[in-house]
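This report concerns only the one structure given below.
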Amino acid sequence: MADNANFDERKALSFTVGTSTRGDILRDLGRPAGEGIYPPKLTRGGSALFYSYLWITRSTDYSGNTVETSNKGIWYVFNAAGKLVRIDSKTSTVPTEPN
């Protein structure tokens, strides 16, 4: 079973802290890229789901090929009851010039 790493960012950010549940996120986004037990110091008995996607594009300009590496990721943190308590997301693109 493959994960759903290339997630829809609008859908991924539509969940509500304190209301949405682990089941809501799994139902709407599918299988995550990773799961974990969240550090007990922050959320005792909690858990986390992580969705991550990496892609590489190549564009050509007057100086030659340029490669860009892009990624997006989102963490959902749940309390012991499965309620969403935190969302962290990040998207970045890094251009790499040819050697």
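If you're wondering about the labels, chains in the structure tokens are A, B, ... by order shown, residues count from 1 in each chain, ligands from 1 in order shown.
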
(message) I'd like the contact shell of Phe15 of chain A - 9 Å cut-off, only C-alpha atoms, skipping same-chain residues fewer than 6 positions apart - returned as a ChimeraX atom specification.
(response) /A:21,24-25,84,87

(request) Give me the residues within 10 Å of Glu35 of chain A as an NGL selection string, counting only C-alpha atoms and dropping any in the same chain fewer than 2 places off. (result) :A and (31-33 or 37-38 or 47-51 or 75-77)

Could you write out the selected residues, including C-alpha atoms, as a PDB file, in the first residue's frame?
ATOM      1  CA  ARG A  31      -1.980   6.864   4.512  1.00  0.00           C
ATOM      2  CA  PRO A  32       0.816   9.161   5.773  1.00  0.00           C
ATOM      3  CA  ALA A  33       4.508   9.017   4.915  1.00  0.00           C
ATOM      4  CA  ILE A  37       4.773   8.730  19.190  1.00  0.00           C
ATOM      5  CA  TYR A  38       5.023  12.394  20.027  1.00  0.00           C
ATOM      6  CA  SER A  47       0.982  10.627  18.498  1.00  0.00           C
ATOM      7  CA  ALA A  48       1.851  12.251  15.185  1.00  0.00           C
ATOM      8  CA  LEU A  49       1.220  11.768  11.464  1.00  0.00           C
ATOM      9  CA  PHE A  50       3.608  13.145   8.870  1.00  0.00           C
ATOM     10  CA  TYR A  51       2.997  13.752   5.186  1.00  0.00           C
ATOM     11  CA  TRP A  75       2.984  17.255  10.870  1.00  0.00           C
ATOM     12  CA  TYR A  76      -0.213  16.613  12.781  1.00  0.00           C
ATOM     13  CA  VAL A  77       0.123  16.107  16.534  1.00  0.00           C
TER      14      VAL A  77
END

(message) Nearest residue to Val67 of chain A out of A:Ala80, A:Val85, A:Val94, A:Val17, using only C-alpha atoms?
(response) A:Val94

(request) Between A:Lys83, A:Arg58, A:Lys90, A:Arg44, single out the one closest to Ala12 of chain A, counting only C-alpha atoms. (result)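 The closest residue to Ala12 of chain A is A:Lys90.
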
(message) Considering only strand (DSSP E) as DSSP defines it on the backbone, what residues of segment 1-98 of chain A qualify? List them as a PyMOL selection string.
(response) chain A and resi 34-37+47-61+64-78+84-96

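When atom CA of Phe7 of chain A is paired with atom CA of Gly30 of chain A, their separation reads 8.9 Å.
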
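Among A:Ala81, A:Leu29, A:Ile56, A:Ile74, the residue with the shortest atom-to-atom distance to Pro95 of chain A, counting only C-alpha atoms, is A:Ile56.
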
(request) Could you tell me how far atom CA of Arg27 of chain A lies from atom CA of Ser92 of chain A, in Å and to one decimal? (result)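 Computed distance, atom CA of Arg27 of chain A to atom CA of Ser92 of chain A, equals 26.3 Å.
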
Run DSSP on the backbone of this structure and report the residues of segment 21-93 of chain A it assigns to alpha helix (DSSP H), as a PDB file with C-alpha atoms, in the first residue's frame.
ATOM      1  CA  ARG A  22      -6.684  11.475  13.720  1.00  0.00           C
ATOM      2  CA  GLY A  23      -9.468   9.582  11.928  1.00  0.00           C
ATOM      3  CA  ASP A  24     -10.559  12.743  10.061  1.00  0.00           C
ATOM      4  CA  ILE A  25      -7.061  13.276   8.714  1.00  0.00           C
ATOM      5  CA  LEU A  26      -6.519   9.646   7.731  1.00  0.00           C
ATOM      6  CA  ARG A  27      -9.915   9.575   6.023  1.00  0.00           C
ATOM      7  CA  ASP A  28      -9.303  12.775   4.034  1.00  0.00           C
ATOM      8  CA  LEU A  29      -5.576  12.496   3.253  1.00  0.00           C
TER       9      LEU A  29
END

(request) Tell me which protein, DNA and RNA residues are within 10 Å of Thr93 of chain A, counting only C-alpha atoms, leaving out same-chain ones fewer than 4 positions away, and put them as a list in words. (result)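 Once the adjacent positions are removed, what remains is Leu54, Trp55, Ile56, Glu68, Thr69, Ser70, Asn71 and Lys72 of chain A.
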
(request) Can you work out the spacing between atom CA of Ser89 of chain A and atom CA of Ser59 of chain A in Å, to one decimal? (result)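 One can read the atom CA of Ser89 of chain A to atom CA of Ser59 of chain A distance as 26.4 Å.
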